[in-house]
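**Q** Below you'll find final14.pdb; it's PDB, C-alpha atoms.
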ATOM      1  CA  MET A   1       0.000   0.000   0.000
ATOM      2  CA  PHE A   2       1.139   3.548  -0.754
ATOM      3  CA  GLU A   3      -0.107   6.890   0.557
ATOM      4  CA  THR A   4      -0.177  10.409  -0.788
ATOM      5  CA  LYS A   5      -1.526  13.567   0.804
ATOM      6  CA  ARG A   6      -5.132  12.690  -0.098
ATOM      7  CA  LEU A   7      -5.052   9.123  -1.387
ATOM      8  CA  LEU A   8      -4.443   5.484  -0.563
ATOM      9  CA  LEU A   9      -3.139   3.196  -3.296
ATOM     10  CA  LYS A  10      -3.907  -0.418  -2.450
ATOM     11  CA  PRO A  11      -3.347  -3.504  -4.597
ATOM     12  CA  ARG A  12      -6.432  -3.857  -6.792
ATOM     13  CA  THR A  13      -8.011  -7.087  -5.590
ATOM     14  CA  LEU A  14     -11.387  -8.725  -6.167
ATOM     15  CA  GLU A  15     -12.688  -6.497  -3.365
ATOM     16  CA  TYR A  16     -12.813  -3.716  -5.994
ATOM     17  CA  LEU A  17     -14.383  -5.773  -8.794
ATOM     18  CA  ASP A  18     -17.832  -4.155  -8.623
ATOM     19  CA  ASP A  19     -16.308  -0.667  -8.462
ATOM     20  CA  CYS A  20     -14.152  -1.342 -11.520
ATOM     21  CA  LEU A  21     -17.022  -2.871 -13.486
ATOM     22  CA  ALA A  22     -19.301   0.085 -12.702
ATOM     23  CA  MET A  23     -16.580   2.564 -13.700
ATOM     24  CA  ASP A  24     -15.944   0.767 -16.999
ATOM     25  CA  ARG A  25     -19.659   0.769 -17.856
ATOM     26  CA  ASP A  26     -19.569   4.562 -18.119
ATOM     27  CA  PRO A  27     -18.966   5.198 -21.832
ATOM     28  CA  GLU A  28     -17.227   8.506 -21.066
ATOM     29  CA  VAL A  29     -14.664   6.692 -18.891
ATOM     30  CA  THR A  30     -13.841   4.079 -21.539
ATOM     31  CA  ARG A  31     -14.287   6.288 -24.612
ATOM     32  CA  PHE A  32     -10.566   6.097 -25.465
ATOM     33  CA  ILE A  33      -9.929   2.564 -24.183
ATOM     34  CA  PRO A  34     -10.707  -0.527 -26.253
ATOM     35  CA  GLY A  35     -12.136  -3.387 -24.240
ATOM     36  CA  PRO A  36     -15.073  -5.720 -23.692
ATOM     37  CA  TRP A  37     -17.129  -3.072 -21.875
ATOM     38  CA  ASP A  38     -20.459  -4.044 -23.481
ATOM     39  CA  LYS A  39     -19.985  -7.821 -23.031
ATOM     40  CA  PRO A  40     -20.625  -8.570 -19.330
ATOM     41  CA  ASP A  41     -19.020 -12.035 -19.131
ATOM     42  CA  GLU A  42     -15.906 -11.001 -21.064
ATOM     43  CA  HIS A  43     -15.678  -7.774 -19.076
ATOM     44  CA  ILE A  44     -15.748  -9.630 -15.743
ATOM     45  CA  ALA A  45     -13.151 -12.172 -16.942
ATOM     46  CA  PHE A  46     -10.945  -9.335 -18.269
ATOM     47  CA  ILE A  47     -10.947  -7.476 -14.943
ATOM     48  CA  LYS A  48     -10.577 -10.614 -12.805
ATOM     49  CA  GLN A  49      -7.550 -11.758 -14.821
ATOM     50  CA  ARG A  50      -5.794  -8.454 -14.167
ATOM     51  CA  MET A  51      -6.739  -8.514 -10.487
ATOM     52  CA  THR A  52      -5.377 -11.994  -9.871
ATOM     53  CA  PHE A  53      -2.252 -11.947 -12.074
ATOM     54  CA  ASP A  54       1.071 -12.320 -10.257
ATOM     55  CA  TYR A  55       2.949  -9.101 -11.086
ATOM     56  CA  PRO A  56       6.594  -8.398 -10.225
ATOM     57  CA  GLU A  57       7.193  -6.839  -6.808
ATOM     58  CA  ASN A  58       5.871  -3.254  -6.509
ATOM     59  CA  MET A  59       4.164  -3.545  -9.901
ATOM     60  CA  GLY A  60       0.571  -4.173 -10.858
ATOM     61  CA  TYR A  61      -2.734  -2.395 -10.552
ATOM     62  CA  TYR A  62      -3.565  -0.242  -7.533
ATOM     63  CA  ALA A  63      -7.036   0.826  -6.449
ATOM     64  CA  VAL A  64      -7.033   4.545  -5.701
ATOM     65  CA  LEU A  65      -9.094   5.440  -2.651
ATOM     66  CA  GLU A  66      -9.857   8.742  -0.999
ATOM     67  CA  LYS A  67      -7.703   8.598   2.113
ATOM     68  CA  PHE A  68     -10.297   9.335   4.801
ATOM     69  CA  SER A  69     -13.495   7.832   3.381
ATOM     70  CA  GLU A  70     -11.738   5.045   1.421
ATOM     71  CA  GLN A  71     -14.159   5.779  -1.430
ATOM     72  CA  PHE A  72     -13.044   4.110  -4.685
ATOM     73  CA  LEU A  73     -11.939   6.744  -7.187
ATOM     74  CA  GLY A  74     -10.262   4.619  -9.849
ATOM     75  CA  TRP A  75      -6.989   2.799 -10.394
ATOM     76  CA  VAL A  76      -3.410   3.291 -11.529
ATOM     77  CA  MET A  77      -0.991   0.734 -12.861
ATOM     78  CA  LEU A  78       2.714   0.165 -13.171
ATOM     79  CA  LEU A  79       3.490  -2.860 -15.351
ATOM     80  CA  PRO A  80       6.480  -4.264 -17.209
ATOM     81  CA  PHE A  81       6.436  -2.876 -20.759
ATOM     82  CA  HIS A  82       7.553  -5.881 -22.755
ATOM     83  CA  GLN A  83       8.130  -3.966 -25.997
ATOM     84  CA  HIS A  84      11.195  -2.272 -24.443
ATOM     85  CA  ALA A  85      13.674  -3.873 -22.012
ATOM     86  CA  GLY A  86      13.988  -1.930 -18.761
ATOM     87  CA  ALA A  87      10.706  -0.094 -19.306
ATOM     88  CA  ALA A  88       7.562   0.105 -17.202
ATOM     89  CA  GLU A  89       4.153   1.236 -18.397
ATOM     90  CA  ILE A  90       2.145   3.623 -16.281
ATOM     91  CA  GLY A  91      -1.604   3.990 -16.719
ATOM     92  CA  TRP A  92      -4.740   5.214 -14.999
ATOM     93  CA  ARG A  93      -8.521   5.147 -15.096
ATOM     94  CA  PHE A  94     -10.827   7.103 -12.801
ATOM     95  CA  ASN A  95     -14.571   7.274 -12.371
ATOM     96  CA  ARG A  96     -16.138  10.398 -13.789
ATOM     97  CA  GLN A  97     -17.165  11.753 -10.384
ATOM     98  CA  SER A  98     -13.474  12.055  -9.449
ATOM     99  CA  TRP A  99     -12.373  13.925 -12.585
ATOM    100  CA  GLY A 100     -11.004  17.433 -12.185
ATOM    101  CA  PHE A 101      -9.687  17.117  -8.621
ATOM    102  CA  GLY A 102      -6.082  16.152  -9.434
ATOM    103  CA  TYR A 103      -6.446  12.616  -8.091
ATOM    104  CA  ALA A 104      -5.053  10.990 -11.239
ATOM    105  CA  THR A 105      -2.022  13.275 -11.178
ATOM    106  CA  GLU A 106      -1.408  12.650  -7.473
ATOM    107  CA  ALA A 107      -1.666   8.870  -7.841
ATOM    108  CA  ALA A 108       0.395   8.717 -11.047
ATOM    109  CA  MET A 109       3.141  10.872  -9.503
ATOM    110  CA  LYS A 110       3.388   8.354  -6.658
ATOM    111  CA  LEU A 111       3.839   5.504  -9.149
ATOM    112  CA  LYS A 112       6.424   7.532 -11.071
ATOM    113  CA  GLN A 113       8.373   7.889  -7.807
ATOM    114  CA  LEU A 114       8.066   4.149  -7.270
ATOM    115  CA  ALA A 115       9.298   3.426 -10.799
ATOM    116  CA  GLN A 116      12.328   5.642 -10.202
ATOM    117  CA  GLN A 117      13.282   3.429  -7.251
ATOM    118  CA  LEU A 118      13.065   0.135  -9.156
ATOM    119  CA  PRO A 119      16.618  -0.868 -10.126
ATOM    120  CA  ASP A 120      15.727  -2.592 -13.398
ATOM    121  CA  ILE A 121      13.441   0.172 -14.684
ATOM    122  CA  HIS A 122      15.079   2.916 -16.721
ATOM    123  CA  THR A 123      12.172   4.112 -18.840
ATOM    124  CA  LEU A 124       8.571   5.011 -18.048
ATOM    125  CA  VAL A 125       6.000   4.840 -20.847
ATOM    126  CA  ALA A 126       2.300   5.577 -21.219
ATOM    127  CA  GLU A 127       0.114   4.532 -24.126
ATOM    128  CA  VAL A 128      -2.364   7.286 -24.913
ATOM    129  CA  MET A 129      -4.995   7.243 -27.632
ATOM    130  CA  LEU A 130      -4.956  10.230 -29.955
ATOM    131  CA  GLY A 131      -7.570  12.763 -28.853
ATOM    132  CA  ASN A 132      -7.499  11.784 -25.175
ATOM    133  CA  GLU A 133      -6.536  15.282 -24.057
ATOM    134  CA  ALA A 134      -6.855  14.600 -20.303
ATOM    135  CA  SER A 135      -4.435  11.660 -20.469
ATOM    136  CA  ILE A 136      -2.075  13.575 -22.741
ATOM    137  CA  LYS A 137      -1.957  16.403 -20.179
ATOM    138  CA  LEU A 138      -1.313  13.935 -17.355
ATOM    139  CA  ALA A 139       1.470  12.185 -19.291
ATOM    140  CA  GLU A 140       3.067  15.575 -19.891
ATOM    141  CA  LYS A 141       2.742  16.522 -16.185
ATOM    142  CA  LEU A 142       4.680  13.349 -15.423
ATOM    143  CA  GLY A 143       7.421  14.531 -17.756
ATOM    144  CA  LEU A 144       6.661  12.054 -20.540
ATOM    145  CA  GLU A 145       6.982  13.164 -24.146
ATOM    146  CA  VAL A 146       5.714  11.687 -27.393
ATOM    147  CA  SER A 147       8.325   9.273 -28.671
ATOM    148  CA  ASP A 148       6.824   7.221 -31.464
ATOM    149  CA  VAL A 149       3.476   6.808 -33.146
ATOM    150  CA  TYR A 150       3.413   3.027 -33.292
ATOM    151  CA  GLU A 151      -0.277   2.394 -33.951
ATOM    152  CA  VAL A 152      -2.824   4.397 -35.859
ATOM    153  CA  GLU A 153      -4.773   5.465 -32.769
ATOM    154  CA  HIS A 154      -2.121   5.499 -30.032
ATOM    155  CA  GLU A 155       0.917   7.523 -29.135
ATOM    156  CA  LEU A 156       3.688   6.359 -26.860
ATOM    157  CA  TYR A 157       4.803   8.877 -24.229
ATOM    158  CA  VAL A 158       8.241   8.184 -22.758
ATOM    159  CA  LEU A 159      10.415   9.412 -19.897
ATOM    160  CA  GLU A 160      13.975   8.207 -19.327
ATOM    161  CA  LEU A 161      14.462   7.675 -15.567
ATOM    162  CA  THR A 162      18.064   8.691 -14.999
TER     163      THR A 162
END
Please, can you express the file's structure as structure tokens?

**A**
Amino acid sequence: MFETKRLLLKPRTLEYLDDCLAMDRDPEVTRFIPGPWDKPDEHIAFIKQRMTFDYPENMGYYAVLEKFSEQFLGWVMLLPFHQHAGAAEIGWRFNRQSWGFGYATEAAMKLKQLAQQLPDIHTLVAEVMLGNEASIKLAEKLGLEVSDVYEVEHELYVLELT
């Protein structure tokens, strides 16, 4: 578990399944994210697989909770980025009610700090779909810059952790 001024970041376990499913059912939340959002059985299996996968130490998905109420706000992730050796991917998704309060920035900054402490991680990347202005702004706040357009609809933002 990790703490920030206003947030708790806890490993995202099955305890948060219903919260994650509800968040993903909001078409505004998943507008820029491909997934099985309109197929209930596939959606549940998709989320459960990510919640139960055995990630490397200090990596994985973290539920983001408001520190005092422990209300679920969304999640952040730090995962091995297999396309580049020594790279970790950072990502985030938050329910619409929590947008505009800086929670995503606060949580992502904590994971950036964590990534900087991991000895085998030298690069931080974020995949952002073209047009997702909120995620582009967050990637830029983290210090990531566009590196390579590698798919038609995605850009790769990169930060060298030196």

**Q** With distances taken over only C-alpha atoms, which residue among A:Arg25, A:Asn58, A:Leu79, A:Ala63 lies nearest Thr13 (chain A)?

**A**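 Going through A:Arg25, A:Asn58, A:Leu79, A:Ala63 one by one, the smallest distance to Thr13 (chain A) is for A:Ala63.
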
**Q** Quick one: pull the distance between CA of Glu89 (chain A) and CA of Val125 (chain A), Å, one decimal.

**A**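 A separation of 4.7 Å between them.
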
**Q** Could you tell me which residues the PyMOL selection byres ((chain A and resi 51) around 8) grabs in this file, written as a PyMOL selection string?

**A** chain A and resi 12-14+47-50+52-53+61

**Q** Compare A:Ser98, A:Asn132, A:Thr123, A:Ser147 by their minimum atom-to-atom distance to Thr30 (chain A), counting all atoms listed in the file, and give me the closest one.

**A**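 Comparing A:Ser98, A:Asn132, A:Thr123, A:Ser147 against Thr30 (chain A), the winner is A:Asn132.
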
**Q** Taking into account all atoms listed in the file, which residue in the set A:Met1, A:Val29, A:Val158, A:Ile44 is nearest to Trp92 (chain A)?

**A**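 For Trp92 (chain A), the nearest of the candidates is A:Val29.
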
**Q** Considering only C-alpha atoms, return as a PyMOL selection string whatever protein or nucleic-acid residues lie within 8 Å of Ile121 (chain A), sequence-local ones (same chain, fewer than 3 positions apart) excluded.

**A** chain A and resi 86-88+115-116+118+124+161

**Q** For Met59 (chain A), which residue among A:His82, A:Glu145, A:Glu133, A:Ile90 is the nearest when counting only C-alpha atoms?

**A**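 Closest to Met59 (chain A) of all the choices is A:Ile90.
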
**Q** Can you pull out the residues contacting Lys141 (chain A)? Cut-off 9 Å, using all atoms listed in the file, and skip same-chain residues under 4 positions away; I want them as a PDB file with C-alpha atoms, in the frame of the given file.

**A**
ATOM      1  CA  THR A 105      -2.022  13.275 -11.178  1.00  0.00           C
ATOM      2  CA  MET A 109       3.141  10.872  -9.503  1.00  0.00           C
ATOM      3  CA  ILE A 136      -2.075  13.575 -22.741  1.00  0.00           C
ATOM      4  CA  LYS A 137      -1.957  16.403 -20.179  1.00  0.00           C
TER       5      LYS A 137
END

**Q** Evaluate the PyMOL selection byres ((chain A and resi 135) around 12) and record the selected residues as an mmCIF file with C-alpha atoms, in the coordinates of the input, following the chain and residue labels used in the document.

**A**
data_model
loop_
_atom_site.group_PDB
_atom_site.id
_atom_site.type_symbol
_atom_site.label_atom_id
_atom_site.label_comp_id
_atom_site.auth_asym_id
_atom_site.auth_seq_id
_atom_site.Cartn_x
_atom_site.Cartn_y
_atom_site.Cartn_z
ATOM 1 C CA VAL A 29 -14.664 6.692 -18.891
ATOM 2 C CA ARG A 31 -14.287 6.288 -24.612
ATOM 3 C CA PHE A 32 -10.566 6.097 -25.465
ATOM 4 C CA ILE A 33 -9.929 2.564 -24.183
ATOM 5 C CA ILE A 90 2.145 3.623 -16.281
ATOM 6 C CA GLY A 91 -1.604 3.990 -16.719
ATOM 7 C CA TRP A 92 -4.740 5.214 -14.999
ATOM 8 C CA ARG A 93 -8.521 5.147 -15.096
ATOM 9 C CA PHE A 94 -10.827 7.103 -12.801
ATOM 10 C CA TRP A 99 -12.373 13.925 -12.585
ATOM 11 C CA ALA A 104 -5.053 10.990 -11.239
ATOM 12 C CA THR A 105 -2.022 13.275 -11.178
ATOM 13 C CA ALA A 108 0.395 8.717 -11.047
ATOM 14 C CA ALA A 126 2.300 5.577 -21.219
ATOM 15 C CA GLU A 127 0.114 4.532 -24.126
ATOM 16 C CA VAL A 128 -2.364 7.286 -24.913
ATOM 17 C CA MET A 129 -4.995 7.243 -27.632
ATOM 18 C CA LEU A 130 -4.956 10.230 -29.955
ATOM 19 C CA GLY A 131 -7.570 12.763 -28.853
ATOM 20 C CA ASN A 132 -7.499 11.784 -25.175
ATOM 21 C CA GLU A 133 -6.536 15.282 -24.057
ATOM 22 C CA ALA A 134 -6.855 14.600 -20.303
ATOM 23 C CA ILE A 136 -2.075 13.575 -22.741
ATOM 24 C CA LYS A 137 -1.957 16.403 -20.179
ATOM 25 C CA LEU A 138 -1.313 13.935 -17.355
ATOM 26 C CA ALA A 139 1.470 12.185 -19.291
ATOM 27 C CA GLU A 140 3.067 15.575 -19.891
ATOM 28 C CA LYS A 141 2.742 16.522 -16.185
ATOM 29 C CA LEU A 142 4.680 13.349 -15.423
ATOM 30 C CA LEU A 144 6.661 12.054 -20.540
ATOM 31 C CA HIS A 154 -2.121 5.499 -30.032
ATOM 32 C CA GLU A 155 0.917 7.523 -29.135
ATOM 33 C CA LEU A 156 3.688 6.359 -26.860
ATOM 34 C CA TYR A 157 4.803 8.877 -24.229
#

**Q** Missing atoms in region 53-77 of chain A: can you complete it with N, CA and C atoms, as an mmCIF file, in the coordinates of the input?

**A**
data_model
loop_
_atom_site.group_PDB
_atom_site.id
_atom_site.type_symbol
_atom_site.label_atom_id
_atom_site.label_comp_id
_atom_site.auth_asym_id
_atom_site.auth_seq_id
_atom_site.Cartn_x
_atom_site.Cartn_y
_atom_site.Cartn_z
ATOM 1 N N PHE A 53 -3.546 -11.659 -11.454
ATOM 2 C CA PHE A 53 -2.252 -11.947 -12.074
ATOM 3 C C PHE A 53 -1.137 -11.685 -11.067
ATOM 4 N N ASP A 54 -0.072 -12.469 -11.157
ATOM 5 C CA ASP A 54 1.071 -12.320 -10.257
ATOM 6 C C ASP A 54 2.098 -11.384 -10.902
ATOM 7 N N TYR A 55 2.055 -10.114 -10.525
ATOM 8 C CA TYR A 55 2.949 -9.101 -11.086
ATOM 9 C C TYR A 55 4.275 -9.087 -10.325
ATOM 10 N N PRO A 56 5.326 -8.555 -10.956
ATOM 11 C CA PRO A 56 6.594 -8.398 -10.225
ATOM 12 C C PRO A 56 6.395 -7.487 -9.007
ATOM 13 N N GLU A 57 7.282 -7.621 -8.043
ATOM 14 C CA GLU A 57 7.193 -6.839 -6.808
ATOM 15 C C GLU A 57 7.078 -5.344 -7.104
ATOM 16 N N ASN A 58 6.164 -4.688 -6.392
ATOM 17 C CA ASN A 58 5.871 -3.254 -6.509
ATOM 18 C C ASN A 58 5.243 -2.867 -7.845
ATOM 19 N N MET A 59 4.835 -3.841 -8.641
ATOM 20 C CA MET A 59 4.164 -3.545 -9.901
ATOM 21 C C MET A 59 2.769 -4.143 -9.854
ATOM 22 N N GLY A 60 1.934 -3.681 -10.746
ATOM 23 C CA GLY A 60 0.571 -4.173 -10.858
ATOM 24 C C GLY A 60 -0.414 -3.027 -10.884
ATOM 25 N N TYR A 61 -1.648 -3.374 -10.592
ATOM 26 C CA TYR A 61 -2.734 -2.395 -10.552
ATOM 27 C C TYR A 61 -2.990 -2.019 -9.103
ATOM 28 N N TYR A 62 -3.266 -0.741 -8.878
ATOM 29 C CA TYR A 62 -3.565 -0.242 -7.533
ATOM 30 C C TYR A 62 -4.896 0.484 -7.545
ATOM 31 N N ALA A 63 -5.793 0.079 -6.648
ATOM 32 C CA ALA A 63 -7.036 0.826 -6.449
ATOM 33 C C ALA A 63 -6.667 2.150 -5.793
ATOM 34 N N VAL A 64 -7.271 3.222 -6.268
ATOM 35 C CA VAL A 64 -7.033 4.545 -5.701
ATOM 36 C C VAL A 64 -8.260 4.908 -4.877
ATOM 37 N N LEU A 65 -8.018 5.148 -3.589
ATOM 38 C CA LEU A 65 -9.094 5.440 -2.651
ATOM 39 C C LEU A 65 -8.868 6.806 -2.022
ATOM 40 N N GLU A 66 -9.959 7.502 -1.760
ATOM 41 C CA GLU A 66 -9.857 8.742 -0.999
ATOM 42 C C GLU A 66 -9.403 8.351 0.392
ATOM 43 N N LYS A 67 -8.396 9.040 0.904
ATOM 44 C CA LYS A 67 -7.703 8.598 2.113
ATOM 45 C C LYS A 67 -8.614 8.444 3.330
ATOM 46 N N PHE A 68 -9.529 9.364 3.557
ATOM 47 C CA PHE A 68 -10.297 9.335 4.801
ATOM 48 C C PHE A 68 -11.588 8.528 4.688
ATOM 49 N N SER A 69 -12.251 8.590 3.545
ATOM 50 C CA SER A 69 -13.495 7.832 3.381
ATOM 51 C C SER A 69 -13.257 6.447 2.795
ATOM 52 N N GLU A 70 -12.086 6.245 2.175
ATOM 53 C CA GLU A 70 -11.738 5.045 1.421
ATOM 54 C C GLU A 70 -12.705 4.790 0.267
ATOM 55 N N GLN A 71 -13.306 5.862 -0.249
ATOM 56 C CA GLN A 71 -14.159 5.779 -1.430
ATOM 57 C C GLN A 71 -13.295 5.450 -2.645
ATOM 58 N N PHE A 72 -13.754 4.505 -3.463
ATOM 59 C CA PHE A 72 -13.044 4.110 -4.685
ATOM 60 C C PHE A 72 -13.146 5.238 -5.707
ATOM 61 N N LEU A 73 -11.994 5.671 -6.196
ATOM 62 C CA LEU A 73 -11.939 6.744 -7.187
ATOM 63 C C LEU A 73 -11.542 6.236 -8.568
ATOM 64 N N GLY A 74 -10.759 5.162 -8.592
ATOM 65 C CA GLY A 74 -10.262 4.619 -9.849
ATOM 66 C C GLY A 74 -9.066 3.734 -9.590
ATOM 67 N N TRP A 75 -8.192 3.602 -10.574
ATOM 68 C CA TRP A 75 -6.989 2.799 -10.394
ATOM 69 C C TRP A 75 -5.841 3.380 -11.200
ATOM 70 N N VAL A 76 -4.636 3.002 -10.792
ATOM 71 C CA VAL A 76 -3.410 3.291 -11.529
ATOM 72 C C VAL A 76 -2.647 1.984 -11.676
ATOM 73 N N MET A 77 -1.763 1.962 -12.650
ATOM 74 C CA MET A 77 -0.991 0.734 -12.861
ATOM 75 C C MET A 77 0.450 1.072 -13.162
#
